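See structure below.
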Amino acid sequence: MMVANHKHAFSQILDPARVLDDPSSLHDYGRDRTRVHEPAPSLVLFPKTTEEVVRIAEYCARERLPIVPSGGRTGYAGAAVAAHGEVVVSMGKMDRILGIDLESGCVEVEAGAILENVQHAVAETGMYLPLDFAARGSAQIGGCIATNAGGLKVIKYGMTRELVLGLEAVFGRGQVLRLNTSLHKNNSGYDLKQFLVGAEGTLGIVTRATMQIVPQPKRLNVGLIALSRLADTPPVLKEARLRSLDLTAAEFFTGACLEAVMAHLPQMRSPFPIRYPCYLLIEIDEGEHDGQLTAFLEHVSGIPGIEDATVATSPQSFRELWALRENISESIGTLGLVHKNDIAVPVSSMPAFVGALESLVRERYRGLDVLLFGHIGDGNVHVNVIDRTSKDAAGFETRVEELDTALCELIQSYNGSISAEHGIGLLKKRLLHLQRDPVQIELMKAIKHTFDPANIFNPGKIVDW
Ligand SMILES: Cc1cc2nc3c(=O)[nH]c(=O)nc-3n(C[C@H](O)[C@H](O)[C@H](O)COP(=O)(O)OP(=O)(O)OC[C@H]3O[C@@H](n4cnc5c(N)ncnc54)[C@H](O)[C@@H]3O)c2cc1C
């Protein structure tokens, strides 16, 4: 059927003003943060209710029309890319915060609610939503659930998966799965909501969610430690754990990342007079023990490799130290052609893995730089491969594709993961079989088939069947 006919049909389901096909909307809503695939959806739809999502899914199942569920489009895996005439279903107009239940310790939202708005609403009640990362101003709760987002607080509170108490989703040919409870315990059979978490929109569209909230940290403080090598970070983390510090974040970045931030945002100040090879940012909740972080930094100052350290002394310096870490992703994007990998290895293997990775690139991929940063406390490194001089995007893609395969083999040898947080989407799909054995891939396909017999929800992402 022609796109015009589909447009007409969707205009019977939604207000026609919420059925878009102008080139600019198709371009903007047909992609995420990746730039590998050219966006080419046929329509962009903005439902306002679960009932409208149901009717869209019913129509798409009948017409075998593929859907790309779309959140804040901040993803880095190409999972929200619509490159083959799909219908983008944007959740941006289902963004209400439905209620905060302090007795049960949860917040209920529509899936399109922006993470930062939910954080603020929860904070106003004196509670805390412990899901946080730099894209908080655009990423939606539905997108966080579909990617099982991690971020800055995983070390203490876990991934999104651990925070989802319940959800509502449209799946199959338009059926609704209502699992939207605020129960903290529910062992009555399979936990169906967890199939939707991290499924990248391939099993259905999340329409509502109930997220766990927790008491606000009492008194956060942050410090930055300068180190001569990445290898010096695990001993610091070990000490923090042995001393029972209430660690709420442990992030690292290399000197090259700091340099990129300084070059991109010249108004920012470097905390140390000279540049060091590596930095470890740690945040703790000092609770009633003022000065705990300073005492800890004095304690670890004897560890070989620690060059310098600083602690935030005011709310302003707290924000400034965090800003160094949070602006890395954007700053790196200005350095040239960039290819991102988001990998995980056990924290204890991190130094050896990074050494092997740097040798691999130095020996086999001349002209490419590797900039590393990430959530070191969780063994999660963002591996950014950069060509600072070439303008040949296609040639760069070919090189990094080959590098990705070698990287994947290296990760396997360290018992790691090719995707710690960002997912598989389109970008990592070809590598999935190196990470998951045939038994697991067959099970994934069977789950996909059960949830989505018409194969309309984000087909072509993660696995084909
Ligand atoms: C500066 C920056 C920093 C980042 N830092 C982190 C980080 O620290 N940790 C981390 O995990 N990620 C991080 N990300 C990646 C990204 O922000 C997360 O993956 C986020 O959860 C994506 O949410 P979104 O709403 O933008 O989803 P989108 O990018 O729109 O979509 C992502 C996937 O979810 C699906 N989807 C979206 N909404 C729904 C829905 N309602 N139902 C079903 N499927 C849906 C899409 O189809 C797609 O497969 C970062 C991104 C940026 C730009």
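Chain labels run A, B, ... following the order of the structure tokens; each chain numbers its residues from 1, and ligands are numbered from 1 in the order shown.
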
Report as a tab-separated table the residues of chain A within 6 Å of ligand 1, each with its shortest atom pair and distance in Å (one decimal), using only C-alpha atoms and all ligand atoms, ordered by chain and increasing residue number.
residue	atom	partner	partner_atom_place_in_ligand_line	distance
A:Asp32	CA	ligand 1	29 (O)	5.3
A:Val68	CA	ligand 1	47 (O)	5.3
A:Pro69	CA	ligand 1	47 (O)	4.0
A:Ser70	CA	ligand 1	37 (C)	4.3
A:Gly71	CA	ligand 1	30 (O)	3.2
A:Gly72	CA	ligand 1	26 (O)	3.4
A:Arg73	CA	ligand 1	30 (O)	3.2
A:Thr74	CA	ligand 1	26 (O)	3.6
A:Gly75	CA	ligand 1	29 (O)	3.4
A:Tyr76	CA	ligand 1	15 (C)	5.5
A:Ala79	CA	ligand 1	49 (O)	3.9
A:Ala80	CA	ligand 1	48 (C)	3.9
A:Met91	CA	ligand 1	41 (N)	5.9
A:Ala111	CA	ligand 1	41 (N)	5.0
A:Phe133	CA	ligand 1	8 (O)	4.5
A:Ala134	CA	ligand 1	3 (C)	4.4
A:Ala135	CA	ligand 1	2 (C)	4.4
A:Ala139	CA	ligand 1	25 (O)	3.7
A:Gln140	CA	ligand 1	25 (O)	3.8
A:Gly142	CA	ligand 1	41 (N)	3.7
A:Gly143	CA	ligand 1	25 (O)	3.5
A:Cys144	CA	ligand 1	21 (O)	3.4
A:Ala146	CA	ligand 1	34 (O)	4.4
A:Thr147	CA	ligand 1	19 (O)	5.2
A:Ala149	CA	ligand 1	11 (O)	3.4
A:Gly150	CA	ligand 1	11 (O)	3.9
A:Gly151	CA	ligand 1	8 (O)	3.4
A:Leu152	CA	ligand 1	8 (O)	5.9
A:Glu200	CA	ligand 1	49 (O)	3.5
A:Gly201	CA	ligand 1	44 (N)	3.3
A:Gly204	CA	ligand 1	43 (C)	5.8
A:Ile205	CA	ligand 1	42 (N)	3.7
A:Val206	CA	ligand 1	42 (N)	3.7
A:Thr207	CA	ligand 1	41 (N)	5.6
A:Ser329	CA	ligand 1	1 (C)	5.5
A:Glu421	CA	ligand 1	11 (O)	4.3
A:His422	CA	ligand 1	19 (O)	5.2

Item to check | Test item: residues at most 8 Å from Pro459 of chain A, only C-alpha atoms, excluding those fewer than 4 positions along its chain, as a ChimeraX atom specification | outcome: /A:66-67,202,455,464

So which residues touch Val19 of chain A within 8 Å, counting only C-alpha atoms, skipping near sequence neighbours fewer than 6 positions away, as a PDB file with N, CA, C and O atoms, in the first residue's frame?
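The new file part_5.pdb reads:
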ATOM      1  N   LYS A   7      -0.949   7.004   5.641  1.00  0.00           N
ATOM      2  CA  LYS A   7      -1.100   8.310   6.316  1.00  0.00           C
ATOM      3  C   LYS A   7      -2.591   8.577   6.576  1.00  0.00           C
ATOM      4  O   LYS A   7      -2.971   9.006   7.672  1.00  0.00           O
ATOM      5  N   PHE A  10      -3.729   6.288   9.443  1.00  0.00           N
ATOM      6  CA  PHE A  10      -3.272   6.736  10.766  1.00  0.00           C
ATOM      7  C   PHE A  10      -3.982   8.029  11.188  1.00  0.00           C
ATOM      8  O   PHE A  10      -4.169   8.283  12.375  1.00  0.00           O
ATOM      9  N   SER A  11      -4.394   8.820  10.204  1.00  0.00           N
ATOM     10  CA  SER A  11      -5.095  10.061  10.532  1.00  0.00           C
ATOM     11  C   SER A  11      -6.513   9.784  11.034  1.00  0.00           C
ATOM     12  O   SER A  11      -7.170  10.679  11.565  1.00  0.00           O
ATOM     13  N   LEU A  43       6.722   7.602   7.917  1.00  0.00           N
ATOM     14  CA  LEU A  43       5.844   8.494   8.678  1.00  0.00           C
ATOM     15  C   LEU A  43       6.359   8.584  10.118  1.00  0.00           C
ATOM     16  O   LEU A  43       7.044   7.679  10.581  1.00  0.00           O
ATOM     17  N   VAL A  44       5.983   9.671  10.788  1.00  0.00           N
ATOM     18  CA  VAL A  44       6.265   9.773  12.223  1.00  0.00           C
ATOM     19  C   VAL A  44       4.928  10.001  12.931  1.00  0.00           C
ATOM     20  O   VAL A  44       4.189  10.928  12.579  1.00  0.00           O
ATOM     21  N   LEU A  45       4.645   9.141  13.901  1.00  0.00           N
ATOM     22  CA  LEU A  45       3.370   9.215  14.624  1.00  0.00           C
ATOM     23  C   LEU A  45       3.612   9.603  16.079  1.00  0.00           C
ATOM     24  O   LEU A  45       4.598   9.163  16.677  1.00  0.00           O
ATOM     25  N   PHE A  46       2.687  10.376  16.630  1.00  0.00           N
ATOM     26  CA  PHE A  46       2.808  10.805  18.035  1.00  0.00           C
ATOM     27  C   PHE A  46       1.543  10.417  18.803  1.00  0.00           C
ATOM     28  O   PHE A  46       0.639  11.238  18.965  1.00  0.00           O
TER      29      PHE A  46
END

Using only C-alpha atoms, which residues of segment 196-314 of chain A come within 8 Å of segment 116-128 of chain A, and what is the closest atom pair for each, with the distance in Å to one decimal? Give it as a Markdown table, sorted by chain and residue number.
| residue | atom | partner | partner_atom | distance |
| --- | --- | --- | --- | --- |
| A:Ile213 | CA | A:Tyr128 | CA | 5.5 |
| A:Val214 | CA | A:Tyr128 | CA | 5.2 |
| A:Pro215 | CA | A:Met127 | CA | 4.8 |
| A:Gln216 | CA | A:Tyr128 | CA | 4.9 |
| A:Pro217 | CA | A:Tyr128 | CA | 7.9 |

Skip segment 157-167 of chain A itself and residues of its chain fewer than 6 positions away, then list as a JSON list (two decimals) with C-alpha atoms, in the first residue's frame all residues within 7 Å of it, counting only C-alpha atoms.
[["chain", "number", "residue", "atom", "x", "y", "z"],
["A", 130, "PRO", "CA", 18.88, 6.87, 41.11],
["A", 131, "LEU", "CA", 19.12, 6.73, 37.31],
["A", 144, "CYS", "CA", 16.02, 3.99, 29.36],
["A", 145, "ILE", "CA", 13.97, 0.84, 29.90],
["A", 148, "ASN", "CA", 18.45, -1.01, 30.17],
["A", 149, "ALA", "CA", 20.38, 2.23, 30.63],
["A", 150, "GLY", "CA", 23.19, 2.31, 33.14],
["A", 178, "ARG", "CA", -0.22, -4.68, 32.12],
["A", 179, "LEU", "CA", 2.53, -5.37, 34.62],
["A", 180, "ASN", "CA", 2.34, -1.98, 36.18],
["A", 181, "THR", "CA", 2.51, -2.80, 39.83],
["A", 182, "SER", "CA", 4.39, -1.10, 42.60],
["A", 183, "LEU", "CA", 5.26, -4.39, 44.25],
["A", 184, "HIS", "CA", 8.87, -4.81, 45.36],
["A", 193, "LYS", "CA", 8.57, -7.13, 32.42],
["A", 197, "VAL", "CA", 13.95, -4.24, 29.59],
["A", 208, "ARG", "CA", 3.97, 3.28, 31.16],
["A", 209, "ALA", "CA", 6.43, 2.40, 33.89],
["A", 210, "THR", "CA", 6.68, 2.33, 37.65],
["A", 211, "MET", "CA", 10.20, 3.04, 38.86],
["A", 212, "GLN", "CA", 11.63, 2.51, 42.29]]

What lies within 10 Å of Asp232 of chain A using only C-alpha atoms, ignoring chain neighbours under 2 positions off, as a PDB file with N, CA and C atoms, in the first residue's frame?
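Writing the result to result_7.pdb gives the following:
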ATOM      1  N   ALA A 226      44.415  12.380  40.206  1.00  0.00           N
ATOM      2  CA  ALA A 226      45.251  12.287  39.001  1.00  0.00           C
ATOM      3  C   ALA A 226      46.190  11.101  39.158  1.00  0.00           C
ATOM      4  N   LEU A 227      46.285  10.280  38.118  1.00  0.00           N
ATOM      5  CA  LEU A 227      47.081   9.045  38.203  1.00  0.00           C
ATOM      6  C   LEU A 227      48.051   8.950  37.030  1.00  0.00           C
ATOM      7  N   SER A 228      49.127   8.198  37.264  1.00  0.00           N
ATOM      8  CA  SER A 228      50.085   8.054  36.167  1.00  0.00           C
ATOM      9  C   SER A 228      49.670   6.970  35.186  1.00  0.00           C
ATOM     10  N   ARG A 229      48.790   6.040  35.633  1.00  0.00           N
ATOM     11  CA  ARG A 229      48.341   4.981  34.720  1.00  0.00           C
ATOM     12  C   ARG A 229      46.933   4.539  35.109  1.00  0.00           C
ATOM     13  N   LEU A 230      46.212   4.051  34.120  1.00  0.00           N
ATOM     14  CA  LEU A 230      44.890   3.490  34.400  1.00  0.00           C
ATOM     15  C   LEU A 230      45.001   2.325  35.388  1.00  0.00           C
ATOM     16  N   PRO A 234      42.163   0.396  39.965  1.00  0.00           N
ATOM     17  CA  PRO A 234      41.537  -0.662  40.775  1.00  0.00           C
ATOM     18  C   PRO A 234      41.981  -0.682  42.239  1.00  0.00           C
ATOM     19  N   PRO A 235      43.295  -0.445  42.556  1.00  0.00           N
ATOM     20  CA  PRO A 235      43.651  -0.441  43.983  1.00  0.00           C
ATOM     21  C   PRO A 235      42.924   0.651  44.778  1.00  0.00           C
ATOM     22  N   VAL A 236      42.667   1.791  44.137  1.00  0.00           N
ATOM     23  CA  VAL A 236      41.947   2.872  44.842  1.00  0.00           C
ATOM     24  C   VAL A 236      40.512   2.421  45.114  1.00  0.00           C
ATOM     25  N   LEU A 237      39.905   1.800  44.117  1.00  0.00           N
ATOM     26  CA  LEU A 237      38.522   1.335  44.299  1.00  0.00           C
ATOM     27  C   LEU A 237      38.459   0.247  45.375  1.00  0.00           C
ATOM     28  N   CYS A 278      45.861  10.022  33.418  1.00  0.00           N
ATOM     29  CA  CYS A 278      44.576   9.406  33.744  1.00  0.00           C
ATOM     30  C   CYS A 278      43.944  10.082  34.968  1.00  0.00           C
ATOM     31  N   TYR A 279      42.633  10.105  35.029  1.00  0.00           N
ATOM     32  CA  TYR A 279      41.928  10.716  36.173  1.00  0.00           C
ATOM     33  C   TYR A 279      40.835   9.777  36.660  1.00  0.00           C
ATOM     34  N   LEU A 280      40.670   9.744  37.967  1.00  0.00           N
ATOM     35  CA  LEU A 280      39.594   8.959  38.571  1.00  0.00           C
ATOM     36  C   LEU A 280      38.730   9.911  39.384  1.00  0.00           C
ATOM     37  N   ILE A 303      49.505   5.248  47.578  1.00  0.00           N
ATOM     38  CA  ILE A 303      49.463   4.203  46.538  1.00  0.00           C
ATOM     39  C   ILE A 303      50.309   4.679  45.359  1.00  0.00           C
ATOM     40  N   PRO A 304      51.234   3.834  44.894  1.00  0.00           N
ATOM     41  CA  PRO A 304      52.082   4.259  43.771  1.00  0.00           C
ATOM     42  C   PRO A 304      51.199   4.633  42.580  1.00  0.00           C
ATOM     43  N   GLY A 305      51.560   5.696  41.917  1.00  0.00           N
ATOM     44  CA  GLY A 305      50.798   6.092  40.724  1.00  0.00           C
ATOM     45  C   GLY A 305      49.848   7.244  40.982  1.00  0.00           C
ATOM     46  N   ILE A 306      49.537   7.498  42.277  1.00  0.00           N
ATOM     47  CA  ILE A 306      48.666   8.650  42.549  1.00  0.00           C
ATOM     48  C   ILE A 306      49.520   9.910  42.541  1.00  0.00           C
ATOM     49  N   PRO A 351      43.207  -3.032  33.640  1.00  0.00           N
ATOM     50  CA  PRO A 351      44.522  -2.540  33.208  1.00  0.00           C
ATOM     51  C   PRO A 351      45.121  -3.404  32.089  1.00  0.00           C
TER      52      PRO A 351
END

Checklist entry - If we count only C-alpha atoms, what is near Ala393 of chain A at a cut-off of 12 Å, once residues fewer than 4 positions away on the same chain are taken out, given as a list of chain:residue names? => result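 The residues that qualify are A:Arg35, A:Val36, A:Gly336, A:Leu337, A:Val338, A:His339, A:Ile386, A:Asp387, A:Arg388, A:Thr389, A:Glu397, A:Thr398, A:Arg399, A:Val400.
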
Checklist entry - When DSSP works through the backbone of this structure, what residues of segment 265-312 of chain A end up as strand (DSSP E), shown as a ChimeraX atom specification? => result /A:278-285,306-311

Checklist entry - Could you pull the residues within 7 Å of Asn341 of chain A, counting only C-alpha atoms, minus those fewer than 4 positions along the same chain, as a list in words? => result His382, Val383 and Asn384 of chain A

Checklist entry - Looking at only C-alpha atoms, which of A:Trp465, A:Phe457, A:Phe252, A:Phe396 is the one that sits closest to Gly379 of chain A? => result A:Phe252

Segment 326-423 of chain A residues near segment 255-263 of chain A within 9 Å, closest pair each, using only C-alpha atoms, as a Markdown table:
| residue | atom | partner | partner_atom | distance |
| --- | --- | --- | --- | --- |
| A:Asn327 | CA | A:Val261 | CA | 6.4 |
| A:Ile328 | CA | A:Val261 | CA | 5.8 |
| A:Ser329 | CA | A:Cys257 | CA | 8.8 |
| A:Glu330 | CA | A:Val261 | CA | 8.3 |
| A:Ser331 | CA | A:Val261 | CA | 5.2 |
| A:Ile332 | CA | A:Ala260 | CA | 6.0 |
| A:Thr334 | CA | A:Ala260 | CA | 8.3 |
| A:Leu335 | CA | A:Ala260 | CA | 7.5 |
| A:Leu371 | CA | A:Cys257 | CA | 6.3 |
| A:Leu372 | CA | A:Cys257 | CA | 7.2 |
| A:Phe373 | CA | A:Cys257 | CA | 7.3 |

Could you save the residues just selected, with C-alpha atoms, as a short mmCIF file (atom, residue, chain, number, x, y, z; two decimals), in the first residue's frame?
data_model
loop_
_atom_site.label_atom_id
_atom_site.label_comp_id
_atom_site.auth_asym_id
_atom_site.auth_seq_id
_atom_site.Cartn_x
_atom_site.Cartn_y
_atom_site.Cartn_z
CA ASN A 327 31.20 16.96 28.70
CA ILE A 328 33.61 14.35 27.37
CA SER A 329 31.23 12.65 24.97
CA GLU A 330 30.18 15.89 23.28
CA SER A 331 33.77 17.26 23.22
CA ILE A 332 35.22 14.14 21.63
CA THR A 334 34.43 17.64 17.67
CA LEU A 335 37.85 16.00 17.24
CA LEU A 371 40.29 7.92 23.82
CA LEU A 372 39.00 6.11 26.88
CA PHE A 373 36.57 7.11 29.57
#

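For the pair atom CA of Val381 of chain A and atom CA of Ser413 of chain A, the interatomic distance is 16.0 Å.
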
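For the set A:Gln175, A:Ser24, A:Ser90, A:Gln12, the residue with the smallest atom-to-atom gap to Phe451 of chain A is A:Gln175, counting only C-alpha atoms.
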
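The interatomic distance for the pair atom CA of Asn415 of chain A and atom CA of Phe195 of chain A works out to 23.7 Å.
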